[in-house]
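Listing of final-v7.cif; format and content: mmCIF, C-alpha atoms and all ligand atoms.
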```
data_target
#
loop_
_atom_site.label_atom_id
_atom_site.label_comp_id
_atom_site.auth_asym_id
_atom_site.auth_seq_id
_atom_site.Cartn_x
_atom_site.Cartn_y
_atom_site.Cartn_z
CA LYS A 16 31.54 -50.09 -157.60
CA ASN A 17 33.52 -52.80 -155.87
CA LYS A 18 32.22 -54.73 -152.92
CA GLY A 19 33.92 -54.60 -149.50
CA TYR A 20 35.38 -57.75 -147.98
CA ILE A 21 35.33 -58.28 -144.22
CA PHE A 22 37.32 -61.14 -142.70
CA ASP A 23 36.87 -62.67 -139.29
CA LEU A 24 40.26 -63.56 -137.77
CA ASP A 25 40.16 -66.63 -135.53
CA GLY A 26 39.21 -69.68 -137.58
CA VAL A 27 39.17 -67.80 -140.91
CA ILE A 28 42.61 -66.24 -141.42
CA VAL A 29 44.48 -68.25 -138.79
CA ASP A 30 43.70 -71.45 -136.94
CA THR A 31 43.70 -69.90 -133.48
CA ALA A 32 40.27 -71.43 -132.77
CA ARG A 33 42.07 -74.55 -131.50
CA PHE A 34 44.21 -72.42 -129.13
CA HIS A 35 41.08 -70.74 -127.74
CA PHE A 36 39.57 -74.21 -127.24
CA LEU A 37 42.64 -75.54 -125.39
CA ALA A 38 42.71 -72.47 -123.17
CA TRP A 39 38.98 -72.48 -122.35
CA LYS A 40 39.13 -76.22 -121.72
CA ARG A 41 41.75 -75.59 -119.05
CA THR A 42 39.57 -72.90 -117.47
CA ALA A 43 36.56 -75.26 -117.56
CA ASP A 44 38.67 -78.00 -115.91
CA GLU A 45 39.36 -75.61 -113.02
CA LEU A 46 35.60 -75.22 -112.65
CA ALA A 47 35.21 -79.04 -112.75
CA PHE A 48 33.27 -78.73 -116.00
CA GLU A 49 33.97 -80.64 -119.21
CA LEU A 50 34.01 -78.37 -122.25
CA THR A 51 33.11 -80.55 -125.27
CA PRO A 52 33.89 -79.64 -128.91
CA GLU A 53 30.12 -79.24 -129.50
CA LEU A 54 29.73 -76.67 -126.73
CA ASN A 55 32.93 -74.99 -127.92
CA GLU A 56 31.15 -74.11 -131.21
CA LYS A 57 28.98 -71.75 -129.14
CA LEU A 58 32.10 -69.91 -127.94
CA LYS A 59 33.50 -69.19 -131.39
CA GLY A 60 33.30 -65.51 -132.31
CA VAL A 61 32.04 -64.68 -128.81
CA SER A 62 34.02 -62.16 -126.70
CA ARG A 63 36.24 -63.25 -123.80
CA VAL A 64 33.84 -62.03 -121.10
CA ASP A 65 30.77 -63.50 -122.82
CA SER A 66 32.60 -66.82 -123.31
CA LEU A 67 33.43 -67.12 -119.61
CA ASN A 68 29.85 -66.23 -118.73
CA LYS A 69 28.60 -69.01 -121.00
CA ILE A 70 30.95 -71.57 -119.43
CA LEU A 71 29.87 -70.56 -115.91
CA ASN A 72 26.27 -70.85 -117.00
CA TRP A 73 26.75 -74.35 -118.44
CA ALA A 74 28.65 -75.37 -115.28
CA GLY A 75 25.86 -73.93 -113.13
CA LYS A 76 28.42 -71.88 -111.18
CA SER A 77 28.55 -68.31 -110.04
CA ILE A 78 31.81 -66.78 -108.84
CA PRO A 79 32.89 -63.44 -107.35
CA GLN A 80 34.03 -60.68 -109.72
CA ASP A 81 37.71 -60.91 -108.75
CA GLU A 82 37.73 -64.66 -109.46
CA PHE A 83 36.02 -63.99 -112.81
CA GLU A 84 38.73 -61.51 -113.72
CA ARG A 85 41.47 -63.88 -112.60
CA LEU A 86 40.11 -66.73 -114.77
CA ALA A 87 39.72 -64.46 -117.82
CA LYS A 88 43.26 -63.14 -117.40
CA GLU A 89 44.69 -66.62 -116.91
CA LYS A 90 42.87 -67.89 -120.01
CA ASN A 91 44.30 -65.06 -122.09
CA GLU A 92 47.85 -65.62 -120.83
CA TYR A 93 47.65 -69.32 -121.71
CA TYR A 94 46.16 -68.45 -125.11
CA LEU A 95 48.96 -65.92 -125.75
CA SER A 96 51.58 -68.56 -124.98
CA PHE A 97 50.37 -70.36 -128.13
CA VAL A 98 50.08 -67.12 -130.14
CA GLU A 99 53.71 -66.23 -129.35
CA GLN A 100 54.85 -69.20 -131.39
CA MET A 101 52.84 -68.33 -134.49
CA THR A 102 54.47 -67.55 -137.85
CA SER A 103 53.22 -67.04 -141.42
CA ALA A 104 53.02 -70.85 -141.59
CA ASP A 105 49.89 -70.56 -139.42
CA ILE A 106 47.92 -68.67 -142.08
CA LEU A 107 45.08 -70.91 -143.27
CA PRO A 108 45.23 -72.37 -146.83
CA GLY A 109 44.18 -70.08 -149.68
CA ILE A 110 44.04 -66.85 -147.62
CA VAL A 111 47.18 -65.22 -149.04
CA GLU A 112 46.10 -66.00 -152.62
CA TYR A 113 42.56 -64.74 -152.02
CA ILE A 114 43.78 -61.44 -150.53
CA GLU A 115 46.08 -61.07 -153.56
CA LEU A 116 43.06 -61.57 -155.82
CA LEU A 117 41.16 -58.83 -153.94
CA LYS A 118 44.11 -56.42 -154.20
CA ALA A 119 44.47 -57.16 -157.93
CA ASN A 120 40.80 -56.20 -158.33
CA ASP A 121 41.11 -53.03 -156.16
CA CYS A 122 38.70 -54.42 -153.60
CA PRO A 123 38.90 -52.93 -150.09
CA VAL A 124 39.69 -55.36 -147.27
CA ALA A 125 38.72 -55.16 -143.58
CA LEU A 126 39.16 -57.23 -140.45
CA GLY A 127 36.04 -57.75 -138.30
CA SER A 128 37.10 -59.71 -135.24
CA ALA A 129 35.90 -60.04 -131.66
CA SER A 130 39.47 -60.51 -130.48
CA LYS A 131 41.38 -57.96 -128.43
CA ASN A 132 44.55 -59.75 -129.59
CA ALA A 133 43.83 -59.22 -133.31
CA PRO A 134 46.56 -56.65 -134.18
CA GLU A 135 49.23 -58.71 -132.43
CA ILE A 136 48.19 -61.90 -134.23
CA LEU A 137 48.13 -60.18 -137.65
CA LYS A 138 51.62 -58.81 -137.01
CA LYS A 139 52.86 -62.24 -135.92
CA VAL A 140 51.78 -63.84 -139.20
CA GLY A 141 52.81 -60.84 -141.35
CA LEU A 142 49.35 -59.78 -142.60
CA PHE A 143 48.83 -56.56 -140.63
CA LYS A 144 49.59 -54.26 -143.58
CA GLU A 145 47.15 -56.04 -145.93
CA PHE A 146 44.09 -54.60 -144.18
CA ASP A 147 42.67 -51.20 -145.12
CA VAL A 148 40.53 -51.23 -141.98
CA ILE A 149 40.82 -53.14 -138.68
CA VAL A 150 37.82 -53.41 -136.38
CA ASP A 151 38.35 -55.69 -133.38
CA GLY A 152 37.48 -56.34 -129.75
CA ASN A 153 39.30 -53.15 -128.73
CA SER A 154 37.07 -50.89 -130.82
CA VAL A 155 33.55 -52.27 -130.44
CA THR A 156 31.31 -52.59 -127.39
CA LYS A 157 28.69 -55.08 -128.56
CA ALA A 158 30.00 -58.57 -129.28
CA LYS A 159 28.85 -60.93 -132.07
CA PRO A 160 26.04 -62.00 -132.72
CA ASP A 161 25.44 -58.24 -132.54
CA PRO A 162 26.31 -56.83 -136.01
CA GLU A 163 28.23 -53.80 -134.63
CA VAL A 164 31.72 -55.03 -135.59
CA PHE A 165 30.72 -55.55 -139.24
CA LEU A 166 28.66 -52.35 -139.48
CA VAL A 167 31.61 -50.29 -138.21
CA ALA A 168 33.91 -52.06 -140.71
CA ALA A 169 31.52 -51.26 -143.62
CA GLU A 170 31.33 -47.64 -142.54
CA GLU A 171 35.12 -47.32 -142.27
CA LEU A 172 35.52 -48.98 -145.67
CA GLY A 173 32.97 -46.57 -147.11
CA VAL A 174 31.01 -49.45 -148.63
CA LYS A 175 27.23 -49.91 -148.39
CA LYS A 176 26.44 -52.74 -145.96
CA THR A 177 24.51 -54.74 -148.58
CA ASN A 178 27.67 -54.64 -150.72
CA CYS A 179 29.81 -56.23 -148.02
CA VAL A 180 30.92 -59.85 -148.04
CA VAL A 181 31.68 -61.36 -144.61
CA PHE A 182 33.86 -64.45 -144.12
CA GLU A 183 33.10 -66.25 -140.84
CA ASP A 184 33.71 -69.61 -139.15
CA SER A 185 31.25 -69.15 -136.29
CA GLU A 186 27.49 -69.39 -135.77
CA ALA A 187 27.53 -66.08 -133.88
CA GLY A 188 29.46 -64.39 -136.71
CA ILE A 189 27.14 -65.63 -139.47
CA GLU A 190 24.18 -64.41 -137.43
CA ALA A 191 25.89 -61.00 -137.06
CA ALA A 192 26.60 -60.75 -140.82
CA ASN A 193 23.04 -61.76 -141.72
CA SER A 194 21.48 -59.27 -139.35
CA ALA A 195 23.75 -56.55 -140.81
CA GLY A 196 22.21 -57.37 -144.23
CA MET A 197 25.58 -58.50 -145.60
CA ILE A 198 26.52 -61.45 -147.83
CA SER A 199 27.57 -64.17 -145.37
CA VAL A 200 30.17 -66.72 -146.39
CA GLY A 201 30.81 -69.57 -143.95
CA LEU A 202 34.16 -71.35 -143.74
CA GLY A 203 33.81 -74.78 -142.20
CA ASP A 204 31.06 -77.32 -141.63
CA PRO A 205 27.82 -76.62 -143.57
CA GLU A 206 25.77 -78.19 -140.76
CA VAL A 207 27.18 -75.81 -138.17
CA LEU A 208 27.05 -72.82 -140.55
CA LYS A 209 23.61 -73.60 -141.99
CA ASP A 210 22.46 -69.96 -141.91
CA ALA A 211 25.30 -68.73 -144.13
CA LYS A 212 24.47 -67.72 -147.70
CA TYR A 213 27.42 -69.79 -148.97
CA VAL A 214 29.65 -72.33 -147.20
CA PHE A 215 33.11 -73.52 -148.24
CA ALA A 216 35.47 -75.95 -146.52
CA ASP A 217 38.35 -73.43 -146.87
CA PHE A 218 39.60 -70.58 -149.09
CA THR A 219 41.17 -72.89 -151.66
CA LYS A 220 37.58 -73.88 -152.56
CA ILE A 221 36.50 -70.25 -153.07
CA GLN A 222 39.08 -69.75 -155.85
CA ASP A 223 38.32 -66.58 -157.86
CA ASN A 224 34.73 -66.09 -156.63
CA LEU A 225 34.17 -62.41 -155.74
CA PHE A 226 30.47 -62.95 -154.75
P1 LIG B 1 40.27 -62.49 -127.26
P2 LIG B 1 37.06 -63.85 -134.04
C1 LIG B 1 37.03 -64.37 -131.44
O1 LIG B 1 37.72 -63.98 -132.58
C2 LIG B 1 37.18 -65.84 -131.17
O2 LIG B 1 36.52 -66.62 -132.15
C3 LIG B 1 36.63 -66.18 -129.81
O3 LIG B 1 36.84 -67.55 -129.55
C4 LIG B 1 37.33 -65.32 -128.76
O4 LIG B 1 36.80 -65.56 -127.47
C5 LIG B 1 37.13 -63.85 -129.12
O5 LIG B 1 37.66 -63.62 -130.41
C6 LIG B 1 37.82 -62.92 -128.15
O6 LIG B 1 39.20 -63.08 -128.27
O7 LIG B 1 40.16 -63.25 -125.99
O8 LIG B 1 41.56 -62.72 -128.02
O9 LIG B 1 39.95 -61.02 -127.11
O10 LIG B 1 36.66 -65.23 -134.44
O11 LIG B 1 35.92 -62.86 -133.93
O12 LIG B 1 38.23 -63.30 -134.86
MG MG B 2 36.11 -66.80 -135.87
#
```

As structure tokens:
Amino acid sequence: KNKGYIFDLDGVIVDTARFHFLAWKRTADELAFELTPELNEKLKGVSRVDSLNKILNWAGKSIPQDEFERLAKEKNEYYLSFVEQMTSADILPGIVEYIELLKANDCPVALGSASKNAPEILKKVGLFKEFDVIVDGNSVTKAKPDPEVFLVAAEELGVKKTNCVVFEDSEAGIEAANSAGMISVGLGDPEVLKDAKYVFADFTKIQDNLF
């Protein structure tokens, strides 16, 4: 029986990770805190609320609930101003070809993202219809590194969790895939993604590997 393939969105299918970084950096500036690229790695794959909590923690600040909500809303609006301009040209290299390979082999394909903006982004870049299953920040309660998002995706795909391959760009996401007992494939820097079973620079390097 075929394996199931679960894709993270931000940083795997599209390069929205840099938009999240720009937006969080602006929020951090407002809190008089400098968000470095190193610290930003810890925000990848982490939900919006958890990300803001981490930044406040690093900045040593605590703020009232209404201010928290204002900052989270403002961050998302700034982020969406980048997303609005996205087209299929923003799909990362090798993704379209790899999804074609999966379809040609009758392999089921799922999205497993922390983002509440996932459906909108997939529609923007024209990939929405390619996914048999979409599990995102609107449908799960426990954020990565909790494995919930991938476990729900496996269940909806009808594939045993040990037969699922997860593509991730984040430390939190690799941890989630590993604790779900899935085959973790990191996309990015092998030093950052050292816990992944396999690491590739991008999808063009994966070629016809079905894992
Ligand atoms: P939103 P992924 C994650 O998406 C991002 O990596 C992370 O930076 C972001 O905070 C999170 O989605 C929530 O996104 O604010 O759009 O709901 O990598 O799991 O696809
Ligand atoms: Mg990601």

First collect every listed atom of stretch 185-194 of chain A; then fit an axis-aligned box around them, widen it by 6 Å on each side, and give centre and edge lengths in Å to one decimal, as AutoDock Vina command-line options.
```
--center_x 26.4 --center_y -64.3 --center_z -137.8 --size_x 21.8 --size_y 22.1 --size_z 19.8
```

Using all atoms listed in the file, what are the residues with an atom within 12 Å of ligand MG 2 (chain B), set out as a ChimeraX atom specification? /A:21-36,55-62,126-130,133,151,159-160,181-189,191,201-203,208

Name all residues at most 9 Å from A:Gly109 (count all atoms listed in the file; drop same-chain ones fewer than 2 positions away) and give them as a VMD selection string. chain A and resid 106 to 107 111 to 114 217 to 222

How many Å separate atom CA of A:Thr102 from atom CA of A:Val200?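 Those two atoms sit 25.8 Å apart.
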
Stretch 56-160 of chain A residues near stretch 165-180 of chain A within 8 Å, closest pair each, using only C-alpha atoms, as a Markdown table:
```
| residue | atom | partner | partner_atom | distance |
| --- | --- | --- | --- | --- |
| A:Pro123 | CA | A:Leu172 | CA | 6.8 |
| A:Val124 | CA | A:Leu172 | CA | 7.8 |
| A:Ala125 | CA | A:Ala168 | CA | 6.4 |
| A:Leu126 | CA | A:Ala168 | CA | 7.4 |
| A:Gly127 | CA | A:Phe165 | CA | 5.8 |
| A:Asp147 | CA | A:Leu172 | CA | 7.5 |
| A:Val148 | CA | A:Leu172 | CA | 6.6 |
| A:Ile149 | CA | A:Ala168 | CA | 7.3 |
| A:Val150 | CA | A:Ala168 | CA | 6.0 |
```
